[in-house]
$ cat entry_9.json   # JSON, C-alpha atoms
[["chain", "number", "residue", "atom", "x", "y", "z"],
["E", 28, "MET", "CA", 43.82, 34.40, 22.47],
["E", 29, "GLU", "CA", 45.92, 35.01, 19.39],
["E", 30, "THR", "CA", 45.59, 38.31, 17.59],
["E", 31, "ILE", "CA", 45.00, 38.68, 13.86],
["E", 32, "ASN", "CA", 48.57, 39.92, 13.44],
["E", 33, "GLU", "CA", 50.00, 36.73, 14.98],
["E", 34, "LYS", "CA", 47.69, 34.53, 12.93],
["E", 35, "MET", "CA", 48.58, 36.26, 9.66],
["E", 36, "GLN", "CA", 52.24, 35.48, 10.28],
["E", 37, "THR", "CA", 51.52, 31.74, 10.58],
["E", 38, "VAL", "CA", 49.31, 31.38, 7.46],
["E", 39, "PHE", "CA", 52.02, 29.70, 5.36],
["E", 40, "ASP", "CA", 52.95, 27.14, 8.01],
["E", 41, "THR", "CA", 49.30, 26.18, 8.50],
["E", 42, "LEU", "CA", 48.13, 26.11, 4.88],
["E", 43, "LYS", "CA", 51.19, 24.66, 3.11],
["E", 44, "GLY", "CA", 50.16, 21.11, 3.94],
["E", 45, "THR", "CA", 46.50, 21.40, 2.99],
["E", 46, "LEU", "CA", 46.84, 23.56, -0.12],
["E", 47, "GLY", "CA", 50.33, 22.48, -1.23],
["E", 48, "TYR", "CA", 52.19, 25.79, -1.12],
["E", 49, "ALA", "CA", 55.91, 25.60, -1.79],
["E", 50, "ASN", "CA", 56.71, 29.28, -1.29],
["E", 51, "VAL", "CA", 55.63, 31.87, 1.28],
["E", 52, "MET", "CA", 54.65, 34.25, -1.53],
["E", 53, "GLN", "CA", 51.93, 31.83, -2.71],
["E", 54, "THR", "CA", 49.89, 32.16, 0.45],
["E", 55, "PRO", "CA", 46.82, 34.40, 0.32],
["E", 56, "LYS", "CA", 46.55, 37.41, 2.59],
["E", 57, "VAL", "CA", 43.92, 39.93, 3.63],
["E", 58, "GLU", "CA", 44.59, 43.04, 1.54],
["E", 59, "LYS", "CA", 41.95, 45.44, 2.83],
["E", 60, "VAL", "CA", 38.61, 45.72, 4.60],
["E", 61, "VAL", "CA", 35.90, 47.97, 3.11],
["E", 62, "ILE", "CA", 33.02, 49.14, 5.32],
["E", 63, "SER", "CA", 30.11, 50.82, 3.52],
["E", 64, "THR", "CA", 26.59, 51.98, 4.24],
["E", 65, "GLY", "CA", 23.87, 53.51, 2.16],
["E", 66, "THR", "CA", 21.94, 56.63, 3.14],
["E", 67, "GLY", "CA", 19.83, 56.90, 0.00],
["E", 68, "LYS", "CA", 16.37, 57.59, 1.41],
["E", 69, "ILE", "CA", 17.46, 59.39, 4.59],
["E", 70, "ALA", "CA", 16.73, 63.12, 4.26],
["E", 71, "ASP", "CA", 17.52, 64.13, 7.86],
["E", 72, "LYS", "CA", 20.94, 65.83, 7.93],
["E", 73, "ASN", "CA", 21.37, 65.05, 11.64],
["E", 74, "LYS", "CA", 20.89, 61.31, 11.05],
["E", 75, "ILE", "CA", 23.40, 61.38, 8.18],
["E", 76, "LYS", "CA", 25.87, 63.20, 10.45],
["E", 77, "LEU", "CA", 25.25, 60.55, 13.14],
["E", 78, "ILE", "CA", 25.93, 57.73, 10.65],
["E", 79, "GLN", "CA", 29.20, 59.37, 9.59],
["E", 80, "ASP", "CA", 30.21, 59.88, 13.23],
["E", 81, "ARG", "CA", 29.38, 56.30, 14.28],
["E", 82, "LEU", "CA", 31.22, 54.75, 11.31],
["E", 83, "ALA", "CA", 34.25, 56.90, 12.11],
["E", 84, "LYS", "CA", 34.14, 55.75, 15.76],
["E", 85, "ILE", "CA", 33.77, 52.09, 14.80],
["E", 86, "THR", "CA", 36.58, 52.10, 12.22],
["E", 87, "GLY", "CA", 38.89, 54.75, 13.65],
["E", 88, "GLN", "CA", 39.01, 56.51, 10.29],
["E", 89, "GLN", "CA", 37.02, 59.28, 8.58],
["E", 90, "THR", "CA", 34.27, 58.24, 6.15],
["E", 91, "ALA", "CA", 34.30, 59.08, 2.44],
["E", 92, "PRO", "CA", 31.06, 60.03, 0.66],
["E", 93, "ARG", "CA", 29.90, 57.91, -2.31],
["E", 94, "GLN", "CA", 27.91, 59.53, -5.09],
["E", 95, "ALA", "CA", 25.32, 58.16, -7.48],
["E", 96, "LYS", "CA", 26.80, 57.26, -10.86],
["E", 97, "LYS", "CA", 23.49, 57.56, -12.73],
["E", 98, "SER", "CA", 20.29, 59.52, -12.46],
["E", 99, "ILE", "CA", 17.22, 57.36, -11.77],
["E", 100, "ALA", "CA", 13.96, 59.27, -12.01],
["E", 101, "SER", "CA", 11.78, 56.68, -10.25],
["E", 102, "PHE", "CA", 14.01, 56.92, -7.16],
["E", 103, "LYS", "CA", 14.25, 60.75, -7.41],
["E", 104, "LEU", "CA", 18.01, 60.32, -7.66],
["E", 105, "ARG", "CA", 20.34, 62.61, -9.57],
["E", 106, "GLU", "CA", 23.85, 61.87, -10.73],
["E", 107, "GLY", "CA", 26.34, 63.11, -8.13],
["E", 108, "ASP", "CA", 23.97, 62.95, -5.14],
["E", 109, "VAL", "CA", 25.59, 61.44, -2.03],
["E", 110, "ILE", "CA", 23.92, 58.06, -1.46],
["E", 111, "GLY", "CA", 26.27, 56.46, 1.06],
["E", 112, "TYR", "CA", 29.56, 56.47, 2.93],
["E", 113, "GLN", "CA", 32.55, 54.16, 2.81],
["E", 114, "VAL", "CA", 35.75, 53.49, 4.75],
["E", 115, "THR", "CA", 38.70, 51.45, 3.45],
["E", 116, "LEU", "CA", 41.04, 50.01, 6.08],
["E", 117, "ARG", "CA", 44.54, 48.68, 5.48],
["E", 118, "GLY", "CA", 47.50, 47.72, 7.65],
["E", 119, "ALA", "CA", 47.31, 48.11, 11.43],
["E", 120, "ARG", "CA", 43.81, 49.65, 11.44],
["E", 121, "MET", "CA", 42.52, 46.75, 9.33],
["E", 122, "LYS", "CA", 44.00, 44.19, 11.72],
["E", 123, "SER", "CA", 42.65, 46.03, 14.75],
["E", 124, "PHE", "CA", 39.17, 46.22, 13.18],
["E", 125, "LEU", "CA", 39.21, 42.49, 12.29],
["E", 126, "ASP", "CA", 40.23, 41.65, 15.87],
["E", 127, "LYS", "CA", 37.35, 43.72, 17.21],
["E", 128, "LEU", "CA", 34.91, 42.22, 14.68],
["E", 129, "ILE", "CA", 35.86, 38.59, 15.38],
["E", 130, "HIS", "CA", 36.34, 38.70, 19.15],
["E", 131, "VAL", "CA", 33.89, 41.38, 20.30],
["E", 132, "ALA", "CA", 31.21, 42.36, 17.76],
["E", 133, "LEU", "CA", 30.17, 39.06, 16.15],
["E", 134, "PRO", "CA", 29.76, 37.24, 19.49],
["E", 135, "GLN", "CA", 27.38, 40.05, 20.58],
["E", 136, "THR", "CA", 25.13, 39.52, 17.55],
["E", 137, "ARG", "CA", 21.75, 38.14, 18.51],
["E", 138, "ASP", "CA", 21.18, 34.45, 17.54],
["E", 139, "PHE", "CA", 24.66, 34.21, 16.01],
["E", 140, "ARG", "CA", 25.45, 30.73, 14.65],
["E", 141, "GLY", "CA", 28.41, 31.51, 12.44],
["E", 142, "LEU", "CA", 28.89, 33.11, 9.04],
["E", 143, "LYS", "CA", 27.89, 31.38, 5.83],
["E", 144, "VAL", "CA", 30.70, 29.95, 3.71],
["E", 145, "SER", "CA", 28.60, 30.48, 0.57],
["E", 146, "ALA", "CA", 29.16, 34.27, 0.87],
["E", 147, "ILE", "CA", 32.72, 33.90, -0.45],
["E", 148, "ASP", "CA", 32.71, 35.14, -4.04],
["E", 149, "GLU", "CA", 34.69, 33.80, -7.02],
["E", 150, "MET", "CA", 37.52, 36.29, -6.43],
["E", 151, "GLY", "CA", 38.06, 35.18, -2.83],
["E", 152, "ASN", "CA", 36.36, 38.15, -1.13],
["E", 153, "TYR", "CA", 33.93, 37.84, 1.76],
["E", 154, "THR", "CA", 31.06, 40.24, 2.50],
["E", 155, "ILE", "CA", 29.24, 40.37, 5.84],
["E", 156, "GLY", "CA", 26.02, 42.30, 6.37],
["E", 157, "ILE", "CA", 25.65, 43.87, 9.82],
["E", 158, "LYS", "CA", 22.04, 44.76, 10.65],
["E", 159, "GLU", "CA", 22.71, 46.77, 13.80],
["E", 160, "HIS", "CA", 25.79, 48.91, 14.32],
["E", 161, "THR", "CA", 25.24, 48.72, 18.09],
["E", 162, "ILE", "CA", 27.10, 45.40, 18.34],
["E", 163, "PHE", "CA", 30.35, 47.38, 18.37],
["E", 164, "PRO", "CA", 31.44, 48.58, 21.84],
["E", 165, "GLU", "CA", 32.04, 52.19, 20.71],
["E", 166, "THR", "CA", 28.34, 52.67, 20.03],
["E", 167, "ALA", "CA", 26.76, 50.73, 22.89],
["E", 168, "ASP", "CA", 25.62, 53.80, 24.86],
["E", 169, "GLU", "CA", 23.45, 55.44, 22.21],
["E", 170, "GLU", "CA", 19.71, 55.46, 21.69],
["E", 171, "LEU", "CA", 18.13, 52.56, 19.83],
["E", 172, "LYS", "CA", 16.04, 54.74, 17.50],
["E", 173, "ASP", "CA", 19.04, 55.60, 15.30],
["E", 174, "VAL", "CA", 20.20, 52.06, 14.49],
["E", 175, "PHE", "CA", 21.61, 51.51, 11.01],
["E", 176, "GLY", "CA", 23.24, 48.65, 9.15],
["E", 177, "PHE", "CA", 26.33, 48.38, 6.98],
["E", 178, "SER", "CA", 28.36, 45.87, 5.03],
["E", 179, "ILE", "CA", 31.91, 44.71, 5.64],
["E", 180, "THR", "CA", 33.88, 43.32, 2.69],
["E", 181, "ILE", "CA", 37.10, 41.46, 3.46],
["E", 182, "VAL", "CA", 39.25, 41.60, 0.31],
["E", 183, "THR", "CA", 41.82, 38.79, 0.03],
["E", 184, "SER", "CA", 44.46, 37.86, -2.52],
["E", 185, "ALA", "CA", 43.12, 34.29, -2.71],
["E", 186, "LYS", "CA", 42.78, 32.78, -6.18],
["E", 187, "SER", "CA", 39.82, 30.52, -5.35],
["E", 188, "LYS", "CA", 37.00, 30.00, -2.88],
["E", 189, "GLU", "CA", 38.89, 27.17, -1.18],
["E", 190, "GLU", "CA", 41.96, 29.33, -0.55],
["E", 191, "ALA", "CA", 39.82, 32.18, 0.77],
["E", 192, "GLU", "CA", 37.89, 29.85, 3.07],
["E", 193, "ALA", "CA", 41.10, 28.32, 4.45],
["E", 194, "LEU", "CA", 42.57, 31.80, 5.06],
["E", 195, "LEU", "CA", 39.43, 33.16, 6.74],
["E", 196, "ARG", "CA", 39.12, 30.09, 8.97],
["E", 197, "HIS", "CA", 42.80, 30.41, 9.91],
["E", 198, "ILE", "CA", 42.51, 34.06, 10.99],
["E", 199, "GLY", "CA", 39.54, 33.12, 13.17],
["E", 200, "LEU", "CA", 36.46, 34.24, 11.25],
["E", 201, "PRO", "CA", 33.62, 32.09, 12.68],
["E", 202, "LEU", "CA", 32.47, 30.35, 9.48],
["E", 203, "GLN", "CA", 29.82, 27.65, 9.65],
["E", 204, "LYS", "CA", 30.75, 24.09, 8.88],
["E", 205, "GLU", "CA", 29.30, 23.17, 5.50],
["E", 206, "GLU", "CA", 26.95, 20.25, 5.64],
["E", 207, "LYS", "CA", 27.06, 17.82, 2.71],
["E", 208, "GLU", "CA", 23.68, 17.27, 1.13],
["E", 209, "THR", "CA", 22.68, 13.67, 0.58],
["E", 210, "ALA", "CA", 20.62, 12.88, -2.50]]
$ encode --input "entry_9.json" --output "structure tokens"
Amino acid sequence: METINEKMQTVFDTLKGTLGYANVMQTPKVEKVVISTGTGKIADKNKIKLIQDRLAKITGQQTAPRQAKKSIASFKLREGDVIGYQVTLRGARMKSFLDKLIHVALPQTRDFRGLKVSAIDEMGNYTIGIKEHTIFPETADEELKDVFGFSITIVTSAKSKEEAEALLRHIGLPLQKEEKETA
């Protein structure tokens, strides 16, 4: 089983034929991975502390609080209130997290049939929604009443959806095969 680090070193050799790259610097790369979760309606301080602790265990890095940018009266939200937590991973921690996500966590997801290719945005980024944080091995021993979800955004330097899809497939992200619709 190849690691993410080994696969990232062979991106140019693999993609130069299909995408027509002439120079190594043209190949897209994964720049960072952003993990974020919202805690907007949770009032229990212990549950918020648990969410921070679990995200730190999963990512290997301390979480950063995210505040509301606007006050919204109907949600009883004031500007500056902490409404979520975020972690940005780069370098070795990013590669380690991607390895764990691809080879351990996603295969443990219930009824997993691959990730949708349509989730790649116009800028070449890919966002995955995780419904249960318990798919990660660091959190497998905890009680099931405190399960929370979070999103993982893989930020790439790809210029188009096609480049991003080729890069993500190459590093091993289990993307579904797109079926052509017949009219």
$ residues_around --input "entry_9.json" --residues "segment 131-144 of chain E" --least-positions-apart "5" --cutoff "7 Å" --atoms "all atoms listed in the file" --output "list in words"
Ile162, Phe163, Pro201, Leu202 and Gln203 of chain E
$ atom_distance --input "entry_9.json" --atom1 "atom CA of Tyr48 of chain E" --atom2 "atom CA of Thr180 of chain E"
25.6 Å
$ closest_residue --input "entry_9.json" --among "E:Ser145, E:Thr66, E:Gln94, E:Asn152" --to "Ser187 of chain E" --atoms "only C-alpha atoms"
E:Asn152
$ residues_around --input "entry_9.json" --residues "segment 125-130 of chain E" --least-positions-apart "4" --cutoff "10 Å" --atoms "all atoms listed in the file" --output "tab-separated table (two decimals) with C-alpha atoms, in the frame of the given file"
chain	number	residue	atom	x	y	z
E	28	MET	CA	43.82	34.40	22.47
E	29	GLU	CA	45.92	35.01	19.39
E	30	THR	CA	45.59	38.31	17.59
E	31	ILE	CA	45.00	38.68	13.86
E	32	ASN	CA	48.57	39.92	13.44
E	60	VAL	CA	38.61	45.72	4.60
E	85	ILE	CA	33.77	52.09	14.80
E	86	THR	CA	36.58	52.10	12.22
E	116	LEU	CA	41.04	50.01	6.08
E	119	ALA	CA	47.31	48.11	11.43
E	120	ARG	CA	43.81	49.65	11.44
E	121	MET	CA	42.52	46.75	9.33
E	134	PRO	CA	29.76	37.24	19.49
E	135	GLN	CA	27.38	40.05	20.58
E	162	ILE	CA	27.10	45.40	18.34
E	163	PHE	CA	30.35	47.38	18.37
E	164	PRO	CA	31.44	48.58	21.84
E	179	ILE	CA	31.91	44.71	5.64
E	181	ILE	CA	37.10	41.46	3.46
E	198	ILE	CA	42.51	34.06	10.99
E	199	GLY	CA	39.54	33.12	13.17
E	200	LEU	CA	36.46	34.24	11.25
E	201	PRO	CA	33.62	32.09	12.68
$ atom_distance --input "entry_9.json" --atom1 "atom CA of His197 of chain E" --atom2 "atom CA of Lys43 of chain E"
12.2 Å
